[in-house]
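Listing of model.tsv; format and content: TSV, C-alpha atoms and all ligand atoms.
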chain	number	residue	atom	x	y	z
A	232	MET	CA	-59.10	-180.75	76.79
A	233	THR	CA	-59.36	-181.27	73.05
A	234	ILE	CA	-59.69	-184.78	71.76
A	235	ARG	CA	-57.86	-185.34	68.51
A	236	ASN	CA	-59.87	-187.11	65.87
A	237	LYS	CA	-57.73	-190.20	65.37
A	238	ARG	CA	-57.85	-192.33	62.26
A	239	ASP	CA	-58.64	-195.99	62.89
A	240	LEU	CA	-56.29	-198.92	62.53
A	241	PHE	CA	-56.92	-201.04	59.45
A	242	GLU	CA	-57.63	-204.65	60.41
A	243	ILE	CA	-57.04	-207.45	57.94
A	244	GLY	CA	-56.12	-211.14	58.29
A	245	GLY	CA	-55.68	-210.74	62.07
A	246	THR	CA	-53.22	-207.83	61.65
A	247	SER	CA	-53.82	-204.22	62.71
A	248	ILE	CA	-52.12	-201.54	60.63
A	249	ALA	CA	-51.58	-198.04	62.04
A	250	PRO	CA	-52.31	-194.96	59.90
A	251	GLY	CA	-49.27	-193.99	57.83
A	252	LYS	CA	-47.85	-197.55	57.79
A	253	THR	CA	-47.63	-200.54	55.47
A	254	ALA	CA	-47.92	-204.22	56.34
A	255	ASP	CA	-47.45	-207.50	54.49
A	256	ILE	CA	-50.06	-210.15	55.23
A	257	ALA	CA	-50.17	-213.78	54.11
A	258	LEU	CA	-53.75	-215.06	53.95
A	259	PRO	CA	-53.67	-218.89	54.09
A	260	ILE	CA	-55.30	-220.54	51.08
A	261	SER	CA	-54.44	-224.21	50.88
A	262	ASP	CA	-52.23	-227.09	51.91
A	263	LEU	CA	-50.30	-228.15	48.83
A	264	SER	CA	-49.90	-231.82	47.91
A	265	ALA	CA	-46.26	-231.88	48.98
A	266	GLY	CA	-47.02	-230.29	52.34
A	267	MET	CA	-46.21	-226.61	51.70
A	268	GLN	CA	-48.68	-223.85	52.46
A	269	ALA	CA	-50.08	-221.62	49.70
A	270	ASN	CA	-50.90	-218.06	50.79
A	271	LEU	CA	-52.50	-215.03	49.21
A	272	GLU	CA	-49.74	-212.44	49.73
A	273	ILE	CA	-50.94	-208.86	50.08
A	274	ARG	CA	-49.33	-205.53	51.00
A	275	VAL	CA	-51.50	-202.85	52.55
A	276	PHE	CA	-50.72	-199.10	52.44
A	277	HIS	CA	-52.83	-197.51	55.19
A	278	GLY	CA	-52.66	-193.78	54.55
A	279	ARG	CA	-52.28	-191.27	57.34
A	280	ARG	CA	-55.42	-189.43	56.30
A	281	ALA	CA	-58.97	-190.72	55.77
A	282	GLY	CA	-60.02	-191.73	52.27
A	283	PRO	CA	-61.39	-194.61	50.21
A	284	ILE	CA	-60.33	-198.25	50.58
A	285	ILE	CA	-59.29	-199.66	47.22
A	286	PHE	CA	-57.45	-202.68	45.79
A	287	VAL	CA	-55.05	-203.17	42.91
A	288	SER	CA	-54.64	-206.80	41.83
A	289	ALA	CA	-52.81	-208.80	39.17
A	290	ALA	CA	-52.32	-212.34	37.85
A	291	ILE	CA	-55.82	-213.69	38.45
A	292	HIS	CA	-54.75	-215.57	35.35
A	293	GLY	CA	-51.40	-216.88	36.59
A	294	ASP	CA	-49.45	-216.26	33.37
A	295	GLU	CA	-50.71	-212.65	32.98
A	296	ILE	CA	-47.84	-211.13	34.92
A	297	ILE	CA	-47.65	-207.61	33.52
A	298	GLY	CA	-49.68	-206.28	36.48
A	299	THR	CA	-47.22	-207.79	38.94
A	300	GLU	CA	-44.54	-205.47	37.50
A	301	ILE	CA	-46.93	-202.50	37.35
A	302	ILE	CA	-47.82	-202.99	41.04
A	303	ARG	CA	-44.13	-203.31	42.00
A	304	ARG	CA	-43.38	-199.94	40.41
A	305	VAL	CA	-46.48	-198.18	41.79
A	306	MET	CA	-45.70	-199.32	45.36
A	307	LYS	CA	-42.17	-197.86	45.09
A	308	LYS	CA	-43.71	-194.43	44.43
A	309	LEU	CA	-46.11	-194.34	47.37
A	310	LYS	CA	-45.59	-193.41	50.99
A	311	PRO	CA	-48.48	-194.22	53.34
A	312	SER	CA	-47.41	-191.34	55.60
A	313	ARG	CA	-48.36	-188.98	52.76
A	314	MET	CA	-51.44	-190.78	51.49
A	315	ALA	CA	-55.16	-190.58	52.13
A	316	GLY	CA	-57.18	-193.78	52.19
A	317	THR	CA	-56.02	-197.38	52.06
A	318	ILE	CA	-54.71	-199.50	49.18
A	319	ILE	CA	-54.58	-203.29	49.26
A	320	PHE	CA	-52.05	-204.48	46.67
A	321	VAL	CA	-52.25	-208.09	45.47
A	322	PRO	CA	-49.37	-208.61	42.99
A	323	VAL	CA	-50.29	-212.29	42.37
A	324	VAL	CA	-53.83	-213.55	43.00
A	325	ASN	CA	-53.47	-216.95	41.32
A	326	MET	CA	-50.20	-218.03	42.93
A	327	PHE	CA	-50.68	-221.59	41.63
A	328	GLY	CA	-50.72	-220.51	37.97
A	329	PHE	CA	-47.94	-217.97	38.62
A	330	ILE	CA	-45.41	-220.59	39.70
A	331	THR	CA	-46.35	-222.99	36.88
A	332	HIS	CA	-46.60	-220.18	34.21
A	333	SER	CA	-50.21	-221.17	33.62
A	334	ARG	CA	-53.47	-219.25	33.22
A	335	TYR	CA	-55.34	-221.81	35.33
A	336	LEU	CA	-55.24	-223.48	38.72
A	337	PRO	CA	-53.94	-227.03	39.31
A	338	ASP	CA	-57.57	-228.21	39.16
A	339	ARG	CA	-57.70	-226.68	35.63
A	340	ARG	CA	-60.33	-224.16	36.62
A	341	ASP	CA	-60.32	-220.52	35.52
A	342	LEU	CA	-60.24	-218.34	38.64
A	343	ASN	CA	-62.00	-215.54	36.80
A	344	ARG	CA	-65.06	-217.78	36.31
A	345	SER	CA	-65.04	-218.97	39.94
A	346	PHE	CA	-66.24	-215.88	41.81
A	347	PRO	CA	-67.60	-215.36	44.43
A	348	GLY	CA	-66.51	-218.90	45.39
A	349	THR	CA	-67.18	-220.82	48.60
A	350	GLU	CA	-65.16	-221.81	51.66
A	351	ARG	CA	-65.50	-225.52	50.97
A	352	GLY	CA	-65.63	-225.58	47.19
A	353	SER	CA	-62.90	-226.50	44.71
A	354	LEU	CA	-59.41	-225.06	45.08
A	355	ALA	CA	-60.36	-222.26	42.65
A	356	SER	CA	-63.57	-221.63	44.55
A	357	GLN	CA	-61.74	-221.40	47.90
A	358	LEU	CA	-59.13	-219.00	46.51
A	359	ALA	CA	-61.86	-216.87	44.89
A	360	ASN	CA	-63.78	-216.83	48.19
A	361	MET	CA	-60.74	-215.74	50.25
A	362	PHE	CA	-59.80	-212.98	47.76
A	363	PHE	CA	-63.40	-211.80	47.55
A	364	THR	CA	-64.22	-211.74	51.27
A	365	GLU	CA	-60.84	-210.53	52.61
A	366	VAL	CA	-59.98	-208.02	49.88
A	367	ILE	CA	-62.75	-207.09	47.43
A	368	GLU	CA	-65.67	-206.72	49.83
A	369	ARG	CA	-63.72	-204.32	52.04
A	370	CYS	CA	-63.21	-201.91	49.14
A	371	THR	CA	-65.36	-199.42	47.26
A	372	PHE	CA	-63.17	-199.43	44.14
A	373	GLY	CA	-60.43	-201.48	42.53
A	374	ILE	CA	-58.22	-201.99	39.50
A	375	ASP	CA	-57.57	-205.52	38.25
A	376	ILE	CA	-54.75	-205.98	35.71
A	377	HIS	CA	-54.65	-208.63	32.98
A	378	SER	CA	-52.65	-209.23	29.81
A	379	ALA	CA	-53.60	-210.98	26.60
A	380	ALA	CA	-53.48	-214.78	26.58
A	381	LEU	CA	-50.39	-216.71	25.51
A	382	HIS	CA	-49.08	-215.74	22.02
A	383	ARG	CA	-51.29	-212.66	21.89
A	384	TYR	CA	-50.71	-208.97	22.53
A	385	ASN	CA	-53.22	-206.43	23.78
A	386	LEU	CA	-52.88	-202.71	23.20
A	387	PRO	CA	-53.23	-201.20	26.71
A	388	GLN	CA	-56.96	-200.72	27.29
A	389	ILE	CA	-59.44	-200.22	30.12
A	390	ARG	CA	-62.64	-202.27	30.24
A	391	ILE	CA	-65.60	-201.15	32.32
A	392	ALA	CA	-69.21	-202.09	32.92
A	393	SER	CA	-71.48	-200.00	30.70
A	394	GLY	CA	-73.71	-197.17	31.90
A	395	ASN	CA	-71.69	-195.93	34.89
A	396	SER	CA	-70.62	-192.32	34.38
A	397	ASN	CA	-68.46	-192.15	37.53
A	398	LEU	CA	-66.53	-195.23	36.47
A	399	LYS	CA	-66.19	-193.92	32.93
A	400	GLU	CA	-64.63	-190.74	34.25
A	401	LEU	CA	-62.01	-192.77	36.15
A	402	ALA	CA	-61.43	-194.97	33.07
A	403	LEU	CA	-60.77	-191.90	30.93
A	404	GLU	CA	-58.56	-190.40	33.63
A	405	PHE	CA	-56.41	-193.57	33.50
A	406	GLY	CA	-55.35	-192.46	30.01
A	407	ALA	CA	-54.89	-195.82	28.22
A	408	PRO	CA	-55.26	-195.66	24.41
A	409	VAL	CA	-58.74	-197.26	24.46
A	410	VAL	CA	-61.71	-197.49	26.89
A	411	ILE	CA	-64.20	-200.32	26.23
A	412	GLU	CA	-67.66	-200.43	27.79
A	413	ALA	CA	-68.91	-204.01	27.69
A	414	PRO	CA	-71.24	-206.46	29.48
A	415	LEU	CA	-69.71	-208.48	32.33
A	416	ARG	CA	-69.12	-212.25	32.17
A	417	PRO	CA	-70.93	-214.40	34.75
A	418	GLY	CA	-68.61	-215.63	37.53
A	419	SER	CA	-66.01	-213.00	36.71
A	420	LEU	CA	-64.55	-210.82	39.43
A	421	ARG	CA	-66.08	-207.72	37.84
A	422	ALA	CA	-69.58	-209.23	37.78
A	423	VAL	CA	-69.61	-210.20	41.47
A	424	ALA	CA	-67.81	-207.04	42.54
A	425	LYS	CA	-70.51	-204.99	40.83
A	426	GLU	CA	-73.22	-206.90	42.73
A	427	ALA	CA	-71.36	-206.15	45.97
A	428	GLY	CA	-71.23	-202.44	45.07
A	429	VAL	CA	-67.50	-202.38	44.30
A	430	GLU	CA	-66.63	-200.40	41.17
A	431	MET	CA	-63.81	-201.75	39.05
A	432	LEU	CA	-61.52	-200.87	36.20
A	433	LEU	CA	-60.06	-203.82	34.33
A	434	MET	CA	-56.78	-203.09	32.60
A	435	GLU	CA	-55.69	-205.31	29.70
A	436	ALA	CA	-52.18	-204.80	28.37
A	437	GLY	CA	-49.35	-206.66	26.70
A	438	GLU	CA	-48.69	-210.35	26.39
A	439	ALA	CA	-48.77	-213.33	28.76
A	440	LEU	CA	-45.42	-214.21	30.39
A	441	ARG	CA	-43.78	-210.99	29.07
A	442	PHE	CA	-43.08	-207.46	30.27
A	443	ASP	CA	-43.19	-204.62	27.76
A	444	GLU	CA	-42.36	-201.07	28.71
A	445	PHE	CA	-45.29	-199.40	26.92
A	446	SER	CA	-47.80	-201.53	28.82
A	447	VAL	CA	-45.99	-201.15	32.14
A	448	LEU	CA	-45.67	-197.35	31.88
A	449	THR	CA	-49.31	-196.99	30.78
A	450	GLY	CA	-50.32	-198.97	33.87
A	451	VAL	CA	-48.10	-197.13	36.36
A	452	ASN	CA	-49.08	-193.70	35.05
A	453	GLY	CA	-52.76	-194.67	34.86
A	454	ILE	CA	-52.93	-195.93	38.44
A	455	LEU	CA	-51.18	-192.82	39.77
A	456	ARG	CA	-53.58	-190.61	37.80
A	457	VAL	CA	-56.57	-192.45	39.27
A	458	LEU	CA	-55.15	-192.21	42.82
A	459	LYS	CA	-54.76	-188.47	42.30
A	460	LYS	CA	-58.31	-188.19	40.95
A	461	LEU	CA	-59.57	-189.99	44.08
A	462	ASP	CA	-57.61	-187.47	46.24
A	463	MET	CA	-55.50	-190.28	47.69
A	464	ILE	CA	-52.19	-188.75	46.59
A	465	GLU	CA	-51.10	-185.27	45.58
A	466	THR	CA	-48.52	-184.78	42.89
A	467	LYS	CA	-46.95	-181.74	41.31
A	468	ARG	CA	-47.15	-183.39	37.92
A	469	LEU	CA	-47.87	-186.69	36.31
A	470	GLY	CA	-46.21	-186.48	32.94
A	471	LYS	CA	-47.74	-184.68	30.02
A	472	LYS	CA	-51.45	-185.35	29.59
A	473	ALA	CA	-51.72	-187.29	26.35
A	474	ALA	CA	-54.65	-187.15	23.94
A	475	PRO	CA	-57.86	-188.64	25.35
A	476	SER	CA	-58.60	-192.37	25.07
A	477	ALA	CA	-60.65	-193.67	22.14
A	478	GLN	CA	-64.03	-194.95	23.37
A	479	THR	CA	-65.91	-197.99	22.13
A	480	THR	CA	-68.72	-200.40	22.98
A	481	LYS	CA	-68.15	-202.88	20.16
A	482	THR	CA	-65.16	-205.09	19.46
A	483	SER	CA	-64.74	-208.03	17.12
A	484	TRP	CA	-62.17	-210.81	16.67
A	485	LEU	CA	-61.15	-211.49	13.07
A	486	ARG	CA	-60.44	-215.17	12.41
A	487	SER	CA	-58.35	-216.97	9.87
A	488	THR	CA	-60.40	-218.18	6.90
A	489	LYS	CA	-57.90	-220.94	6.12
A	490	GLY	CA	-54.92	-222.78	7.62
A	491	GLY	CA	-51.36	-221.71	6.96
A	492	THR	CA	-49.10	-218.86	7.96
A	493	CYS	CA	-50.28	-215.34	8.63
A	494	ARG	CA	-48.69	-211.94	7.97
A	495	LEU	CA	-50.31	-209.12	9.88
A	496	THR	CA	-50.44	-205.83	8.02
A	497	ALA	CA	-52.19	-203.89	10.78
A	498	PRO	CA	-50.78	-204.72	14.23
A	499	SER	CA	-52.21	-203.33	17.49
A	500	GLY	CA	-52.52	-199.56	17.60
A	501	THR	CA	-53.23	-199.24	13.85
A	502	LYS	CA	-56.23	-197.22	12.64
A	503	VAL	CA	-58.19	-199.17	10.02
A	504	HIS	CA	-61.06	-198.38	7.64
A	505	GLU	CA	-63.80	-200.82	6.71
A	506	GLY	CA	-62.46	-203.10	3.96
A	507	ASP	CA	-58.75	-202.48	4.63
A	508	ILE	CA	-56.51	-205.54	4.40
A	509	VAL	CA	-55.38	-206.30	7.96
A	510	ALA	CA	-53.77	-209.73	7.43
A	511	ILE	CA	-52.83	-212.17	4.67
A	512	VAL	CA	-52.95	-215.93	5.22
A	513	SER	CA	-50.94	-218.22	2.89
A	514	ASP	CA	-50.80	-221.99	2.62
A	515	ILE	CA	-47.37	-223.41	3.45
A	516	PHE	CA	-46.30	-223.44	-0.24
A	517	GLY	CA	-47.37	-219.82	-0.72
A	518	ASP	CA	-49.62	-220.74	-3.66
A	519	GLU	CA	-52.94	-219.65	-2.25
A	520	GLU	CA	-53.39	-216.46	-0.28
A	521	GLU	CA	-56.46	-215.04	1.40
A	522	GLU	CA	-56.85	-211.49	2.60
A	523	VAL	CA	-58.54	-210.65	5.88
A	524	HIS	CA	-60.44	-207.35	5.82
A	525	ALA	CA	-61.49	-204.90	8.54
A	526	PRO	CA	-65.27	-205.23	9.11
A	527	PHE	CA	-65.66	-201.61	10.24
A	528	ASP	CA	-63.71	-198.42	10.93
A	529	GLY	CA	-61.73	-198.70	14.12
A	530	ILE	CA	-58.48	-199.40	15.89
A	531	VAL	CA	-56.66	-202.71	16.26
A	532	ILE	CA	-56.58	-203.44	20.01
A	533	GLY	CA	-55.04	-206.91	20.00
A	534	HIS	CA	-53.26	-209.37	17.74
A	535	SER	CA	-51.83	-212.86	17.61
A	536	ASN	CA	-48.03	-213.07	17.84
A	537	LEU	CA	-48.11	-216.60	16.44
A	538	PRO	CA	-47.92	-216.60	12.63
A	539	VAL	CA	-49.09	-220.25	12.41
A	540	ALA	CA	-52.88	-220.31	12.05
A	541	ASN	CA	-55.53	-222.99	11.70
A	542	GLN	CA	-58.79	-222.05	10.03
A	543	GLY	CA	-60.85	-220.25	12.69
A	544	ASP	CA	-57.91	-219.04	14.79
A	545	ALA	CA	-58.21	-215.50	16.11
A	546	LEU	CA	-55.80	-213.14	14.31
A	547	LEU	CA	-56.77	-209.59	15.23
A	548	HIS	CA	-59.10	-207.84	17.68
A	549	ILE	CA	-60.64	-204.62	16.35
A	550	ALA	CA	-62.59	-201.99	18.30
A	551	GLN	CA	-65.17	-199.93	16.46
A	552	VAL	CA	-64.49	-196.30	17.21
A	553	LYS	CA	-67.12	-193.58	16.81
A	554	GLN	CA	-64.80	-190.61	16.98
A	555	PHE	CA	-62.45	-191.98	14.42
A	556	ASP	CA	-60.22	-189.04	13.59
A	557	GLY	CA	-56.83	-189.10	15.18
A	558	VAL	CA	-57.04	-192.59	16.64
A	559	ASP	CA	-53.57	-193.63	15.52
A	560	GLU	CA	-52.15	-190.20	16.38
A	561	ARG	CA	-53.58	-190.73	19.86
A	562	VAL	CA	-51.55	-193.92	20.37
A	563	GLU	CA	-48.45	-192.13	19.11
A	564	GLN	CA	-49.05	-189.20	21.45
A	565	ILE	CA	-49.54	-191.52	24.40
A	566	GLU	CA	-46.29	-193.31	23.52
A	567	ASP	CA	-44.51	-189.95	23.28
A	568	ALA	CA	-45.89	-188.74	26.58
A	569	LEU	CA	-44.90	-191.96	28.32
A	570	PHE	CA	-41.39	-192.29	26.99
A	571	ASN	CA	-40.28	-188.68	26.72
A	572	GLU	CA	-41.68	-187.35	29.99
A	573	PRO	CA	-39.92	-189.03	32.89
A	574	LEU	CA	-42.29	-190.57	35.43
A	575	LEU	CA	-42.58	-188.58	38.59
A	576	ASP	CA	-39.92	-189.20	41.23
A	577	GLU	CA	-40.86	-190.47	44.66
A	578	ASP	CA	-40.43	-186.98	46.10
A	579	GLU	CA	-43.06	-185.64	43.78
A	580	VAL	CA	-45.80	-187.73	45.35
A	581	ILE	CA	-46.76	-185.76	48.42
A	601	ZN	ZN	-56.86	-212.44	32.15
Take the structure in this file and express it as C-alpha cells.
Amino acid sequence: MTIRNKRDLFEIGGTSIAPGKTADIALPISDLSAGMQANLEIRVFHGRRAGPIIFVSAAIHGDEIIGTEIIRRVMKKLKPSRMAGTIIFVPVVNMFGFITHSRYLPDRRDLNRSFPGTERGSLASQLANMFFTEVIERCTFGIDIHSAALHRYNLPQIRIASGNSNLKELALEFGAPVVIEAPLRPGSLRAVAKEAGVEMLLMEAGEALRFDEFSVLTGVNGILRVLKKLDMIETKRLGKKAAPSAQTTKTSWLRSTKGGTCRLTAPSGTKVHEGDIVAIVSDIFGDEEEEVHAPFDGIVIGHSNLPVANQGDALLHIAQVKQFDGVDERVEQIEDALFNEPLLDEDEVI
C-alpha cells in the first residue's frame, strides 16, 4: 500500500484550514468602552501544495488605507487550490485607527513603535503582541503596506533593511519605481520581524485616506510578481516588465525656509539635478518669494499636497540616485506598463 504524502492543516486562532482552502479568522483584541469586541480580522489562503508561509498586511497606521484596497484586489486573483504555500492577509491591522480615520490608536500610541508588544501592556502593545505572535512569527516573509501621512503623497516605493541580497532581489522583482535600503526604526514591525528572522518588504504608496490607481496597480502587480518569484503561484504573464526600479540608500526631506504658500515645481516622480528649483514659497501677499533647491541629483519620491506651509514644514522628499540616467523615463514606463497592459485575469493564475 502506498501512503500519500499529505499536506498538513494550517492551524491558527483555534481554526484548522485544509490544504486548498481559505478561512476567515477573528482574533480577539480588546473589549471596547461601549461593550463591543475589537478583533484582528484575517483571511488565510492555505495552498494545496507545500511552500512558504507569508503575510501581507495593511493599515498598521489606521488612515493608511491604500493597502486595504491592494489586498482586496490581490485576494480576488488567487485560488488556494492552485497555490503553493500559505498567505495570511490582514487588510486592517489597526482597526481602531481605521474606523476613526486616524493614524494612531485611541490611546494615542503609534502601533508601528509598539512592537513586539506584551499581553498585558497598553492597548497598542496588546494589539502589536497579538499581530506579532499570531501572524508575523509564523511566517518567513511578509509585505507590509503603508501610504504617506495625511496631506502627503508618496511615489510607490519599496523599503528594505540594508545588506540583504535575497530581500533586495524580491524588492527589485516587485517593480515599484524606487527601492530604498535604510536602517530600521526601533519598535517598528520591520525591526522586530528582522530579529525574529522574518524578512519583510515595506511598500509605501499614495496618500492617507485616499485610493489612487497608480499606487494600487503597482501594489497588486508587485505582490503577484513576488508570489511568482517565490513559486507560490504560476502565471502565463504578469503584464509587461517595466524598466528596473531606481535604487537608493539616501533620502532627504526638503523643508520650507519661511511661512506662506508653496508651489511645487517638481512633484513626485520628477528627476532633479542638484540646484534645481523644486518649490517656491511666497508670503501671503506674494511680495517675498524663496526658492527651494534640490540638494543632490535624484528623484522626488514624496511631496506635500498642502500648499500652506509654516517655516520648517516638509515640502518634498528626494532620493539620491546613483544610476541617474532614465529615472523619470522609468516612472513613465512603469505607468505605461501598468495602465496599458491589462492585469492578468483570474484564469491566468494557475
Ligand atoms: Zn505608515
Taking only C-alpha atoms and all ligand atoms and a cut-off of 7 Å, can you tell me which residues surround ligand ZN 601 (chain A), written as a list in words?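 Sorted by chain and then by number, the residues are Ile291, His292, Glu295, His377, Ser378, Ala379 and Ala380 of chain A.
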Test item: residues at most 7 Å from segment 510-527 of chain A, all atoms listed in the file, excluding those fewer than 2 positions along its chain, as JSON, numbers by chain: {"A": [490, 491, 492, 493, 494, 495, 496, 497, 503, 504, 505, 506, 507, 508, 529, 551]}
Compile a residue-level contact table for segment 377-430 of chain A against segment 333-351 of chain A at a cut-off of 10 Å, reporting for every qualifying residue the shortest atom pair and its distance in Å to one decimal, with all atoms listed in the file counted, rows ordered by chain and ascending number, as a tab-separated table.
residue	atom	partner	partner_atom	distance
A:Ala380	CA	A:Arg334	CA	8.0
A:Leu381	CA	A:Arg334	CA	8.7
A:Arg416	CA	A:Arg344	CA	8.0
A:Pro417	CA	A:Arg344	CA	7.0
A:Gly418	CA	A:Arg344	CA	4.3
A:Ser419	CA	A:Asn343	CA	4.7
A:Leu420	CA	A:Phe346	CA	5.8
A:Arg421	CA	A:Asn343	CA	8.9
A:Ala422	CA	A:Phe346	CA	8.5
A:Val423	CA	A:Pro347	CA	6.3
A:Ala424	CA	A:Pro347	CA	8.5
In Å, rounded to a single decimal, give me how far atom CA of Val429 of chain A is from atom CA of Thr371 of chain A.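 Atom-to-atom, atom CA of Thr371 of chain A to atom CA of Val429 of chain A, that is 4.7 Å.
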What separation in Å, quoted to one decimal, exists between atom CA of Gly394 of chain A and atom CA of Glu412 of chain A? 8.0 Å
When you count only C-alpha atoms, which of these residues is closest to Asp544 of chain A: A:Met434, A:Lys399, A:Arg486, A:Phe363?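 Among A:Met434, A:Lys399, A:Arg486, A:Phe363, it is A:Arg486 that comes nearest to Asp544 of chain A.
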Give me, please, the distance in Å between atom CA of Val552 of chain A and atom CA of Ser446 of chain A, quoted to one decimal.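 Straight-line distance from atom CA of Val552 of chain A to atom CA of Ser446 of chain A works out to 21.0 Å.
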Dump as JSON, numbers by chain all residues having an atom at most 7 Å from (-57.2, -205.3, 22.7), computed in the file's coordinates with only C-alpha atoms. {"A": [385, 386, 387, 388, 531, 532, 533, 548]}
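The residue set within 6 Å of His534 of chain A, counting all atoms listed in the file and dropping same-chain residues fewer than 5 places from it, reads A:Arg383, A:Tyr384, A:Leu546, A:Leu547.
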Which residue, A:Ser393, A:Gln564, A:Thr253, A:Ser264, has the smallest gap to Ser476 of chain A when you use all atoms listed in the file?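 The answer is A:Gln564, which sits nearest to Ser476 of chain A.
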Residue nearest Asn541 of chain A - candidates A:Thr488, A:Asp294, A:Thr317, A:Lys237, atoms counted: only C-alpha atoms: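 Of A:Thr488, A:Asp294, A:Thr317, A:Lys237, the one nearest Asn541 of chain A is A:Thr488, counting only C-alpha atoms.
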Extract, using only C-alpha atoms, all DNA, RNA and protein residues at most 6 Å from Ile374 of chain A, discarding same-chain residues fewer than 5 positions from it, and format them as a ChimeraX atom specification. /A:287,431-433
Given the choices A:Gly437, A:Gly406, A:Pro498, A:Gly293, which gets closest to Arg456 of chain A if the distance is worked out from all atoms listed in the file?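 Looking only at the distances to Arg456 of chain A, the closest residue turns out to be A:Gly406.
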